[in-house]
Each structure stands twice: as C-alpha cells, then as structure tokens.
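Enquirer: If it helps, the file is called my_file.tsv and holds TSV, C-alpha atoms:
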chain	number	residue	atom	x	y	z
A	35	MET	CA	-19.24	-10.43	-16.14
A	36	SER	CA	-16.51	-10.81	-13.58
A	37	LEU	CA	-13.53	-13.02	-13.04
A	38	VAL	CA	-14.63	-13.75	-9.56
A	39	GLY	CA	-16.25	-17.07	-10.21
A	40	LEU	CA	-12.90	-18.50	-11.23
A	41	GLY	CA	-10.72	-19.79	-8.47
A	42	ALA	CA	-10.52	-18.17	-5.10
A	43	ARG	CA	-13.01	-15.77	-3.64
A	44	ARG	CA	-12.57	-12.17	-4.52
A	45	TYR	CA	-10.04	-10.43	-2.37
A	46	THR	CA	-11.48	-7.68	-0.26
A	47	ALA	CA	-9.46	-5.30	1.80
A	48	ALA	CA	-10.34	-6.17	5.37
A	49	ARG	CA	-9.54	-2.79	6.81
A	50	VAL	CA	-10.58	-0.69	3.90
A	51	ALA	CA	-10.26	2.98	4.57
A	52	ASP	CA	-10.20	2.80	8.35
A	53	ASP	CA	-8.66	6.24	8.06
A	54	ALA	CA	-11.47	7.69	5.96
A	55	SER	CA	-13.60	10.43	7.39
A	56	PRO	CA	-17.29	10.62	6.63
A	57	ASP	CA	-17.50	14.35	6.16
A	58	ASP	CA	-14.37	16.42	5.74
A	59	GLY	CA	-16.16	19.75	5.56
A	60	GLU	CA	-17.80	19.40	8.94
A	61	LEU	CA	-14.64	17.96	10.45
A	62	VAL	CA	-12.46	20.81	9.20
A	63	ARG	CA	-14.99	23.30	10.51
A	64	ARG	CA	-14.78	21.72	13.96
A	65	LEU	CA	-10.99	21.66	13.86
A	66	ARG	CA	-10.84	25.32	12.94
A	67	ALA	CA	-13.25	26.07	15.76
A	68	GLY	CA	-10.75	24.50	18.17
A	69	ASP	CA	-12.71	21.31	18.89
A	70	GLU	CA	-10.12	19.30	20.80
A	71	ALA	CA	-12.09	16.06	20.74
A	72	ALA	CA	-12.34	16.25	16.96
A	73	PHE	CA	-8.61	16.85	16.70
A	74	ARG	CA	-7.79	13.98	19.04
A	75	GLY	CA	-10.03	11.76	16.94
A	76	VAL	CA	-8.17	12.66	13.75
A	77	VAL	CA	-4.78	12.14	15.40
A	78	ARG	CA	-5.86	8.66	16.47
A	79	ARG	CA	-7.68	7.67	13.32
A	80	TYR	CA	-4.86	8.65	10.97
A	81	HIS	CA	-2.10	7.36	13.18
A	82	ASP	CA	-1.64	3.91	11.72
A	83	THR	CA	-1.68	5.18	8.15
A	84	LEU	CA	0.86	7.88	9.00
A	85	ARG	CA	3.08	5.41	10.80
A	86	GLN	CA	3.02	2.87	7.98
A	87	LEU	CA	3.70	5.57	5.43
A	88	ALA	CA	6.51	7.05	7.52
A	89	ARG	CA	8.10	3.64	8.03
A	90	ALA	CA	8.25	3.20	4.28
A	91	ILE	CA	10.49	6.27	4.21
A	92	VAL	CA	12.47	6.43	7.46
A	93	ARG	CA	14.28	3.50	8.98
A	94	SER	CA	13.13	3.47	12.60
A	95	ASP	CA	9.97	3.81	14.63
A	96	ALA	CA	11.54	6.71	16.52
A	97	LEU	CA	12.10	8.65	13.29
A	98	ALA	CA	8.57	7.76	12.17
A	99	ASP	CA	7.19	9.22	15.39
A	100	GLU	CA	9.27	12.34	14.83
A	101	ALA	CA	7.81	12.72	11.35
A	102	ILE	CA	4.28	12.22	12.71
A	103	GLN	CA	4.79	14.83	15.43
A	104	GLU	CA	6.11	17.36	12.95
A	105	THR	CA	3.16	16.57	10.70
A	106	TRP	CA	0.63	17.42	13.38
A	107	LEU	CA	2.43	20.68	14.15
A	108	ALA	CA	2.30	21.56	10.47
A	109	VAL	CA	-1.36	20.56	10.25
A	110	VAL	CA	-2.25	22.80	13.19
A	111	ARG	CA	-0.35	25.70	11.63
A	112	GLY	CA	-1.84	25.10	8.20
A	113	LEU	CA	-5.48	24.44	9.10
A	114	ASP	CA	-6.65	27.88	8.11
A	115	SER	CA	-5.00	27.69	4.73
A	116	PHE	CA	-6.30	24.19	3.96
A	117	GLU	CA	-8.59	24.78	1.01
A	118	GLY	CA	-10.28	21.42	0.83
A	119	ARG	CA	-9.25	20.85	-2.76
A	120	SER	CA	-8.01	17.45	-1.66
A	121	ALA	CA	-9.37	15.31	1.14
A	122	LEU	CA	-8.12	16.11	4.63
A	123	ARG	CA	-6.54	12.66	4.77
A	124	THR	CA	-4.63	13.28	1.54
A	125	TRP	CA	-3.42	16.68	2.71
A	126	VAL	CA	-2.19	15.32	6.05
A	127	CYS	CA	-0.46	12.38	4.37
A	128	ARG	CA	1.30	14.65	1.91
A	129	ILE	CA	2.68	16.70	4.76
A	130	LEU	CA	3.84	13.48	6.42
A	131	VAL	CA	5.60	12.25	3.29
A	132	ASN	CA	7.47	15.53	2.94
A	133	ARG	CA	8.50	15.56	6.60
A	134	ALA	CA	9.56	11.93	6.52
A	135	ARG	CA	11.65	12.47	3.40
A	136	THR	CA	13.42	15.42	4.97
A	137	ILE	CA	14.15	13.35	8.07
A	138	ALA	CA	15.32	10.39	5.99
A	139	THR	CA	17.71	12.56	4.02
A	140	ARG	CA	19.15	14.04	7.20
A	141	ASP	CA	19.40	10.54	8.66
A	142	ARG	CA	21.26	9.09	5.71
A	143	ARG	CA	23.15	12.22	4.73
A	144	SER	CA	22.57	11.32	1.11
A	145	VAL	CA	19.97	9.81	-1.14
A	146	PRO	CA	20.48	6.07	-1.34
A	147	MET	CA	20.59	4.36	-4.69
A	148	SER	CA	17.45	2.43	-3.85
A	149	ALA	CA	15.46	5.64	-3.92
A	150	LEU	CA	16.67	6.41	-7.40
A	151	ASP	CA	16.14	2.94	-8.79
A	152	ASP	CA	13.07	1.56	-7.16
A	153	GLY	CA	11.47	-0.11	-10.11
A	154	ALA	CA	9.12	2.60	-11.28
A	155	ASP	CA	10.46	2.22	-14.80
A	156	ASP	CA	8.42	0.51	-17.45
A	157	GLY	CA	10.48	-2.67	-17.58
A	158	ALA	CA	8.50	-5.89	-17.70
A	159	ILE	CA	7.71	-7.56	-14.41
A	160	ASP	CA	8.84	-11.15	-13.98
A	161	ALA	CA	10.14	-10.97	-17.54
A	162	ASP	CA	12.27	-14.06	-17.04
A	163	ARG	CA	9.18	-16.14	-16.36
A	164	PHE	CA	7.74	-15.65	-19.81
A	165	ALA	CA	8.89	-16.93	-23.20
A	166	ALA	CA	9.20	-14.60	-26.16
A	167	GLY	CA	5.63	-15.32	-27.27
A	168	GLY	CA	4.21	-14.31	-23.90
A	169	GLY	CA	3.52	-17.83	-22.61
A	170	TRP	CA	4.82	-19.07	-19.27
A	171	GLN	CA	8.39	-20.23	-19.42
A	172	ARG	CA	8.57	-20.80	-15.68
A	173	PRO	CA	4.94	-21.14	-14.62
A	174	PRO	CA	3.99	-20.51	-11.00
A	175	ALA	CA	4.73	-23.64	-8.98
A	176	PRO	CA	1.99	-25.14	-6.82
A	177	TRP	CA	2.20	-24.21	-3.14
A	178	GLY	CA	0.28	-27.16	-1.81
A	179	ASP	CA	-2.01	-24.86	0.09
A	180	GLU	CA	-3.13	-21.74	-1.75
A	181	ASP	CA	-6.10	-20.80	0.36
A	182	PRO	CA	-5.58	-17.28	1.74
A	183	ALA	CA	-7.61	-18.00	4.88
A	184	SER	CA	-5.43	-20.90	5.89
A	185	LEU	CA	-2.10	-19.40	4.74
A	186	VAL	CA	-2.77	-16.36	6.86
A	187	GLN	CA	-2.87	-18.59	9.94
A	188	ARG	CA	0.77	-19.54	9.42
A	189	ARG	CA	2.87	-17.15	11.47
A	190	GLU	CA	6.08	-17.89	9.61
A	191	LEU	CA	4.46	-16.76	6.37
A	192	VAL	CA	3.09	-13.57	7.90
A	193	ALA	CA	6.56	-12.85	9.31
A	194	LEU	CA	8.19	-13.62	5.97
A	195	VAL	CA	5.91	-11.19	4.16
A	196	GLY	CA	6.43	-8.56	6.86
A	197	GLU	CA	10.20	-8.76	6.40
A	198	LEU	CA	9.94	-8.63	2.63
A	199	VAL	CA	7.71	-5.56	2.76
A	200	GLU	CA	10.21	-3.84	5.07
A	201	GLN	CA	12.93	-4.38	2.51
A	202	LEU	CA	11.01	-3.00	-0.45
A	203	PRO	CA	12.22	0.31	-1.89
A	204	GLU	CA	10.45	3.32	-0.38
A	205	ARG	CA	7.88	4.01	-3.06
A	206	GLN	CA	7.01	0.36	-3.66
A	207	ARG	CA	6.41	-0.10	0.04
A	208	ALA	CA	4.39	3.08	0.35
A	209	VAL	CA	2.19	2.20	-2.62
A	210	LEU	CA	1.68	-1.36	-1.39
A	211	VAL	CA	0.73	-0.23	2.10
A	212	LEU	CA	-1.74	2.39	0.93
A	213	ARG	CA	-3.36	0.21	-1.72
A	214	ASP	CA	-3.38	-3.26	-0.21
A	215	VAL	CA	-3.33	-2.61	3.51
A	216	LYS	CA	-5.25	0.63	3.73
A	217	GLY	CA	-7.46	0.05	0.72
A	218	TRP	CA	-6.87	3.46	-0.83
A	219	ASP	CA	-7.72	4.01	-4.46
A	220	ALA	CA	-5.02	4.72	-7.03
A	221	GLU	CA	-5.89	8.36	-7.43
A	222	ASP	CA	-5.29	9.26	-3.78
A	223	VAL	CA	-2.05	7.30	-3.73
A	224	CYS	CA	-0.80	9.20	-6.78
A	225	GLU	CA	-1.61	12.50	-5.11
A	226	VAL	CA	0.09	11.70	-1.81
A	227	LEU	CA	3.24	10.22	-3.35
A	228	GLU	CA	3.30	12.52	-6.38
A	229	LEU	CA	3.27	9.67	-8.86
A	230	SER	CA	1.80	9.32	-12.32
A	231	GLN	CA	-0.92	6.69	-12.69
A	232	ALA	CA	1.46	4.60	-14.77
A	233	ASN	CA	4.23	4.72	-12.17
A	234	GLN	CA	1.84	3.96	-9.37
A	235	ARG	CA	0.66	0.88	-11.21
A	236	VAL	CA	4.15	-0.39	-11.99
A	237	LEU	CA	5.26	0.11	-8.38
A	238	LEU	CA	2.20	-1.71	-7.09
A	239	HIS	CA	2.62	-4.59	-9.53
A	240	ARG	CA	6.28	-4.97	-8.71
A	241	ALA	CA	5.57	-5.00	-5.01
A	242	ARG	CA	2.74	-7.53	-5.31
A	243	ALA	CA	4.82	-9.74	-7.59
A	244	GLN	CA	7.71	-9.64	-5.12
A	245	VAL	CA	5.51	-10.71	-2.24
A	246	ARG	CA	4.20	-13.60	-4.32
A	247	ASP	CA	7.74	-14.52	-5.41
A	248	ALA	CA	8.96	-14.59	-1.80
A	249	LEU	CA	6.11	-16.92	-0.88
A	250	GLU	CA	6.90	-19.10	-3.86
A	251	ARG	CA	10.53	-19.40	-2.80
A	252	HIS	CA	9.45	-20.38	0.67
A	253	LEU	CA	6.64	-22.74	-0.25
A	254	THR	CA	8.29	-24.48	-3.21
A	255	PRO	CA	12.01	-24.44	-2.39
A	256	ARG	CA	12.90	-27.11	-4.90
A	257	SER	CA	11.41	-25.23	-7.82
A	258	GLN	CA	14.25	-22.72	-7.71
A	259	PRO	CA	17.39	-23.31	-9.75
B	396	MET	CA	-6.06	-14.16	-27.90
B	397	MET	CA	-4.32	-12.73	-24.85
B	398	SER	CA	-0.95	-14.10	-23.83
B	399	CYS	CA	-0.21	-15.37	-20.33
B	400	GLU	CA	2.08	-12.38	-19.82
B	401	GLN	CA	-0.74	-9.97	-20.65
B	402	VAL	CA	-3.18	-11.83	-18.43
B	403	ALA	CA	-0.66	-11.86	-15.55
B	404	ALA	CA	-0.32	-8.08	-15.83
B	405	ILE	CA	-4.09	-7.67	-15.74
B	406	VAL	CA	-4.67	-9.95	-12.78
B	407	ARG	CA	-1.88	-8.17	-10.88
B	408	ASP	CA	-4.08	-5.09	-11.15
B	409	HIS	CA	-6.67	-7.04	-9.33
B	410	ASP	CA	-9.36	-4.50	-9.96
B	411	GLN	CA	-10.66	-6.03	-13.15
B	412	GLY	CA	-13.91	-4.20	-12.69
B	413	THR	CA	-12.33	-1.28	-14.49
B	414	LEU	CA	-11.45	-3.35	-17.55
B	415	PRO	CA	-13.48	-2.73	-20.69
B	416	GLY	CA	-15.97	-5.54	-21.30
B	417	ARG	CA	-14.14	-7.16	-24.18
B	418	ALA	CA	-10.83	-7.34	-22.29
B	419	ARG	CA	-12.61	-8.77	-19.27
B	420	LEU	CA	-14.12	-11.47	-21.42
B	421	GLY	CA	-10.71	-12.17	-22.91
B	422	VAL	CA	-9.17	-12.61	-19.47
B	423	ARG	CA	-12.03	-14.80	-18.36
B	424	LEU	CA	-11.72	-17.07	-21.36
B	425	HIS	CA	-7.97	-17.26	-20.92
B	426	LEU	CA	-8.30	-18.20	-17.27
B	427	MET	CA	-10.79	-20.93	-18.08
B	428	MET	CA	-8.24	-22.57	-20.31
B	429	CYS	CA	-4.99	-21.81	-18.50
B	430	GLY	CA	-4.26	-23.48	-15.18
B	431	ALA	CA	-0.95	-21.64	-14.75
B	432	CYS	CA	-2.64	-18.23	-14.91
B	433	ARG	CA	-5.40	-19.39	-12.56
B	434	ARG	CA	-2.72	-20.45	-10.11
B	435	TYR	CA	-0.94	-17.11	-10.50
B	436	LEU	CA	-4.19	-15.28	-9.72
B	437	ARG	CA	-4.86	-17.48	-6.66
B	438	GLN	CA	-1.34	-16.98	-5.36
B	439	LEU	CA	-1.48	-13.24	-5.87
B	440	ARG	CA	-4.66	-13.06	-3.84
B	441	ALA	CA	-3.03	-15.06	-1.08
B	442	ALA	CA	0.00	-12.75	-1.21
B	443	MET	CA	-2.22	-9.70	-0.86
B	444	ARG	CA	-4.07	-11.23	2.07
B	445	LEU	CA	-0.76	-11.97	3.79
B	446	THR	CA	0.44	-8.43	3.12
B	447	GLN	CA	-2.56	-7.19	5.06
B	448	ALA	CA	-1.96	-9.64	7.88
B	449	ALA	CA	1.69	-8.65	8.11
B	450	ALA	CA	0.91	-4.97	8.61
B	451	GLN	CA	0.12	-5.09	12.31
B	452	PRO	CA	-1.84	-1.98	13.12
B	453	GLU	CA	-0.47	-0.03	16.04
B	454	ALA	CA	-2.94	0.50	18.87
B	455	GLY	CA	-2.70	4.26	18.49
B	456	PRO	CA	-0.28	7.12	18.81
B	457	SER	CA	2.11	7.07	21.76
B	458	THR	CA	1.28	9.43	24.59
B	459	ALA	CA	4.21	11.61	23.56
B	460	VAL	CA	2.93	12.00	20.01
B	461	GLU	CA	-0.64	12.64	21.05
B	462	ASP	CA	0.30	15.09	23.81
B	463	ALA	CA	2.58	17.07	21.54
B	464	ALA	CA	-0.12	17.26	18.87
B	465	LEU	CA	-2.75	18.38	21.37
B	466	ALA	CA	-0.42	20.93	22.94
B	467	ALA	CA	0.14	22.45	19.51
B	468	PHE	CA	-3.58	22.42	18.87
B	469	ARG	CA	-4.26	24.29	22.11
B	470	THR	CA	-1.78	27.04	21.28
B	471	ARG	CA	-3.77	27.55	18.11
B	472	ARG	CA	-6.95	28.01	20.06
B	473	ASP	CA	-5.41	29.97	22.91
B	474	PRO	CA	-2.45	31.87	21.52
B	475	PRO	CA	0.16	32.35	24.23
Could I get this structure in the form of structure tokens?
Expert:
Amino acid sequence: MSLVGLGARRYTAARVADDASPDDGELVRRLRAGDEAAFRGVVRRYHDTLRQLARAIVRSDALADEAIQETWLAVVRGLDSFEGRSALRTWVCRILVNRARTIATRDRRSVPMSALDDGADDGAIDADRFAAGGGWQRPPAPWGDEDPASLVQRRELVALVGELVEQLPERQRAVLVLRDVKGWDAEDVCEVLELSQANQRVLLHRARAQVRDALERHLTPRSQP
Amino acid sequence: MMSCEQVAAIVRDHDQGTLPGRARLGVRLHLMMCGACRRYLRQLRAAMRLTQAAAQPEAGPSTAVEDAALAAFRTRRDPP
C-alpha cells in the first residue's frame, strides 16, 4: 500500500541520474586504454553534477571550474589505481569534494562558522510548529495554488528557491542537490560527502523544510507573525 | 496513533516505500484524517519540484575545462 493515492501525484525526479553510467567496468577499461571519446563523454556527462557539487562548497563559478579542472587531472593520474570498489561517479565526486574544500579553505583563509554548524545535529526540525503532544501548533498555511506543475511555471518562485538553495550551508546544499536534483540514493550521497545515514537524512530534511518554509513565507505573507 | 510531528518527519523522507508495512499504514491513516499533514506533504512535493527547476543545468563544461582535461588525458596516453 502506498501513500501515493492521497493528494498530489508522486514526485519523481525528472532528471534522475543523468550522470549515471550504464557499465562502469567497460567504461574504466576504455579510459585506461586511452579512449579519448570515452573520456570526453565522462567529462561532459559528469559536468553538471560536479559543478553543482562544487558550487555548494566554493563561492564562485570560477572557483568551481578550478575545482573541476583539478578533479580531472587527479582522475587521469589516479585511473590505474581506481579499484572499482565504488562507482566511477562516486569516486570522481569524492575527488571533487576534496578539491573544492581545499580551494574553499584557501579562499576564505579559515573555516566559516556555517560549516561547523550546518544543522546536521539531531535537533527537531520545525520544532516551533508543533505543540508538546506532537500536533500542529502552527499548521502549514494554504498557498492558494499547491500544484507543482503550475507553481513551477512561476519564475519568481523558481528564482526564490534558487536563491534560498544558494544560501544553504554547504552540506545541506550538497545533499539537497544530489538527492533532489540529481536523484542519487542516500547511500551514494553518504559516501561522497562522508556522512552517516542519520546525518544525511537530517541535512536533507532540514534543506527540504527550509525550501518549503521560504515558499510559505512568500505565498502566505500574512500568516507570519 | 502517530503524531503530526512524526508524520511530518516521515513525509519529509519522501521515500515511504522503505517504510515497514505497519508504519506505512499508520501514515496513510493519519493522512486520511489530517488535512494539515496532507497539505504539508503537498507543499513539500511542490518545494522539491521547484528545487529541481531552480537548478539550471549548465550546457556542458567550458572549452577551457574540457581542453585542460583532455590535454591531461593525452599525456597519460602519450607520456611526454
């Protein structure tokens, strides 16, 4: 039995795994053999994922490009030692995350507070919305229109969400992008970002709740105190 | 009986397919009776859809990025 029949249609990730490769083993074999077309294909196919991941960590497109370039150099150097214990995609993304973090640290000269307190703790989400017994104290206000297909046509809402996502702490943004934009499963996200399952879940929930909250503030301005 | 707070946490997961059968039934029953939680679920779905829409995919790597990557790849094949 599913929950799907209730309310809106089930959400499906529109661009699920556009970075997935059908057969890593064969691909890695071709890369090791020096197949330039195969390499170019990987560079192109992974690019958007790498860029989105890098932008969660560094603060400009130029720095993101720098991290991506360094990643490909490291991939080329490391191809022979890649053991295939994780997927090629996961391995490449882990390299990217490490490069981007190094660049971000250099860029900021120090670790910002937001990286240390990004909401991966176990604290309740939206705690102020619920009464002690677990019922809604401040229930979600109606938006008028709650149909995803029509909301997504409104440019101001897309822009609003884009800005909110850009302001999320690094790990929340990275988890949100990989799960909800790229359609990755939790396990791969944990491996790339070196998170426990529990932390991954909390970060994802916080990020999703914040996007919803931002929309609520915009769509029901009078509901806010 | 599940509380709204518990149901909200479960629907934020979105992937209720992984819930054990009894919990799934509990959520389903709760949602049938609770308009506020149904609205929360609807709004979360809309938020996720907008998150996707907001992440404009880039057409592809810049020429500089791609050229640098390919140049590195060629040195691997043909060591200088």
Enquirer: Contacts of Leu436 of chain B at 8 Å or less, counting all atoms listed in the file, minus same-chain residues fewer than 3 places along, as an NGL selection string?
Expert: :B and (403 or 406-407 or 432-433 or 439-440)
Enquirer: Write the residues of the selection above to a file with C-alpha atoms, as a PDB file, in the frame of the given file.
Expert:
ATOM      1  CA  ALA B 403      -0.660 -11.860 -15.550  1.00  0.00           C
ATOM      2  CA  VAL B 406      -4.670  -9.950 -12.780  1.00  0.00           C
ATOM      3  CA  ARG B 407      -1.880  -8.170 -10.880  1.00  0.00           C
ATOM      4  CA  CYS B 432      -2.640 -18.230 -14.910  1.00  0.00           C
ATOM      5  CA  ARG B 433      -5.400 -19.390 -12.560  1.00  0.00           C
ATOM      6  CA  LEU B 439      -1.480 -13.240  -5.870  1.00  0.00           C
ATOM      7  CA  ARG B 440      -4.660 -13.060  -3.840  1.00  0.00           C
TER       8      ARG B 440
END
Enquirer: Taking all atoms listed in the file into account, name the residue in A:Ala88, A:Leu122, A:Val186, A:Cys224 that is nearest to chain B.
Expert: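 The closest residue to chain B is A:Val186.
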Enquirer: Hey, which of A:Gly59, A:Pro182, A:Gly68, A:Gly168 ends up closest to Ala442 of chain B? Count only C-alpha atoms.
Expert: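 The shortest atom-to-atom distance to Ala442 of chain B comes from A:Pro182.
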Enquirer: Identify, on the basis of all atoms listed in the file, every residue whose closest approach to Ala404 of chain B does not exceed 12 Å; exclude the query and any residue fewer than 2 positions from it along the same chain; express the result as a ChimeraX atom specification.
Expert: /A:158-161,164,168,235-236,238-240,242-243 /B:397-402,406-411,422,432,435-436,439
Enquirer: Give the residues of chain B that lie within 8 Å of chain A; count all atoms listed in the file, and format the answer as a PyMOL selection string.
Expert: chain B and resi 398-401+404+407-408+411-412+416+419-420+422-423+426-427+431+433-435+437-450+452-453+455-456+460-461+463-465+467-469+471-472
Enquirer: Would you compute the distance between atom CA of Arg417 of chain B and atom CA of Ile405 of chain B? Give it in Å to one decimal.
Expert: 13.1 Å
Enquirer: Could you please determine the separation between atom CA of Ser230 of chain A and atom CA of Ala134 of chain A in Å, to one decimal place?
Expert: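 One can read the atom CA of Ser230 of chain A to atom CA of Ala134 of chain A distance as 20.5 Å.
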Enquirer: Starting from 3 Å padding per side, set up an axis-aligned box that covers all listed atoms of segment 417-425 of chain B and hand over centre and edge lengths in Å, one decimal, as AutoDock Vina command-line options.
Expert:
--center_x -11.1 --center_y -12.2 --center_z -21.3 --size_x 12.2 --size_y 16.1 --size_z 11.8
Enquirer: What is the distance between atom CA of Arg119 of chain A and atom CA of Ala72 of chain A, in Å to one decimal?
Expert: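 Answer for the atom CA of Arg119 of chain A to atom CA of Ala72 of chain A separation: 20.5 Å.
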